[in-house]
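Enquirer: Quick one: the structure is below, questions incoming.
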Amino acid sequence: MAAVLASALCQREIQVQIVDKDLYESLKQELRPQTHEHLVLLSGWSHCSSKVWLVGDKLTGEEQRRAQARVHFVPYSQFPPDAVRGDCVYHSTPALVRRRRHRSRN
């Protein structure tokens, strides 16, 4: 799923910042060469200034604590991350959110 999202964002000329070198190399191999300029390997967490993080189910509490305040964590996996920080926004996976009218009225 990460490759699909990275590809779609890079094709729209949106910068995708990656901290994990192995993931970066893997994604770079899957992307079209003309989109490589939008895929950026960060040299460390201190350089991560993104306000929106697309996260998988392996996001750790330690990684969340490295984010800046007011970051939006948007999951692309089936399970959203546990909310570790009160100064960030945690979104739910859209397919797993029930609409109000479908909820039980008990």
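In the structure tokens, each chain is lettered A, B, ... as it comes, each chain's residues begin at 1, and ligands are numbered from 1 in order of appearance.
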Could you build a table of the residues in range 41-79 of chain A lying no more than 12 Å from range 20-28 of chain A, giving for each the nearest pair of atoms and their separation in Å rounded to one decimal place, using only C-alpha atoms, ordered by chain and ascending residue number, as CSV?

Expert:
residue,atom,partner,partner_atom,distance
A:Leu41,CA,A:Tyr24,CA,6.4
A:Leu42,CA,A:Asp20,CA,8.2
A:Ser43,CA,A:Lys21,CA,9.0
A:Gly44,CA,A:Asp20,CA,9.0
A:Trp45,CA,A:Asp20,CA,9.9
A:Cys48,CA,A:Asp20,CA,11.9
A:Leu59,CA,A:Asp20,CA,11.9
A:Glu63,CA,A:Asp20,CA,11.5

Enquirer: Neighbours of Glu30 in chain A within 12 Å (only C-alpha atoms; same-chain residues fewer than 3 positions away dropped), as an mmCIF file with C-alpha atoms, in the first residue's frame?

Expert:
data_model
loop_
_atom_site.group_PDB
_atom_site.id
_atom_site.type_symbol
_atom_site.label_atom_id
_atom_site.label_comp_id
_atom_site.auth_asym_id
_atom_site.auth_seq_id
_atom_site.Cartn_x
_atom_site.Cartn_y
_atom_site.Cartn_z
ATOM 1 C CA MET A 1 0.000 0.000 0.000
ATOM 2 C CA ALA A 2 2.876 2.391 0.752
ATOM 3 C CA ALA A 3 4.113 2.056 -2.823
ATOM 4 C CA VAL A 4 0.697 2.879 -4.267
ATOM 5 C CA LEU A 5 0.344 5.972 -2.083
ATOM 6 C CA ALA A 6 3.895 7.168 -2.733
ATOM 7 C CA SER A 7 3.439 6.697 -6.466
ATOM 8 C CA ALA A 8 0.144 8.598 -6.541
ATOM 9 C CA CYS A 10 4.797 11.728 -6.467
ATOM 10 C CA LEU A 23 11.740 1.629 2.499
ATOM 11 C CA TYR A 24 13.080 4.543 0.456
ATOM 12 C CA GLU A 25 15.150 2.209 -1.758
ATOM 13 C CA SER A 26 12.225 -0.170 -2.176
ATOM 14 C CA LEU A 27 9.829 2.624 -3.151
ATOM 15 C CA PRO A 33 12.054 7.517 -12.884
ATOM 16 C CA GLN A 34 10.396 10.867 -13.661
ATOM 17 C CA THR A 35 8.796 10.875 -10.196
ATOM 18 C CA HIS A 36 11.993 10.156 -8.230
ATOM 19 C CA LEU A 39 10.679 11.032 -3.157
#

Enquirer: Taking only C-alpha atoms into account, name the residue in A:Gln15, A:Asp87, A:His72, A:Phe79 that is nearest to Leu54 in chain A.

Expert: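 Nearest candidate to Leu54 in chain A out of A:Gln15, A:Asp87, A:His72, A:Phe79: A:His72.
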
Enquirer: Could you work out how far CA of Trp53 in chain A lies from CA of Glu13 in chain A, giving the answer in Å with one decimal?

Expert: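 Separating CA of Glu13 in chain A from CA of Trp53 in chain A is a distance of 16.7 Å.
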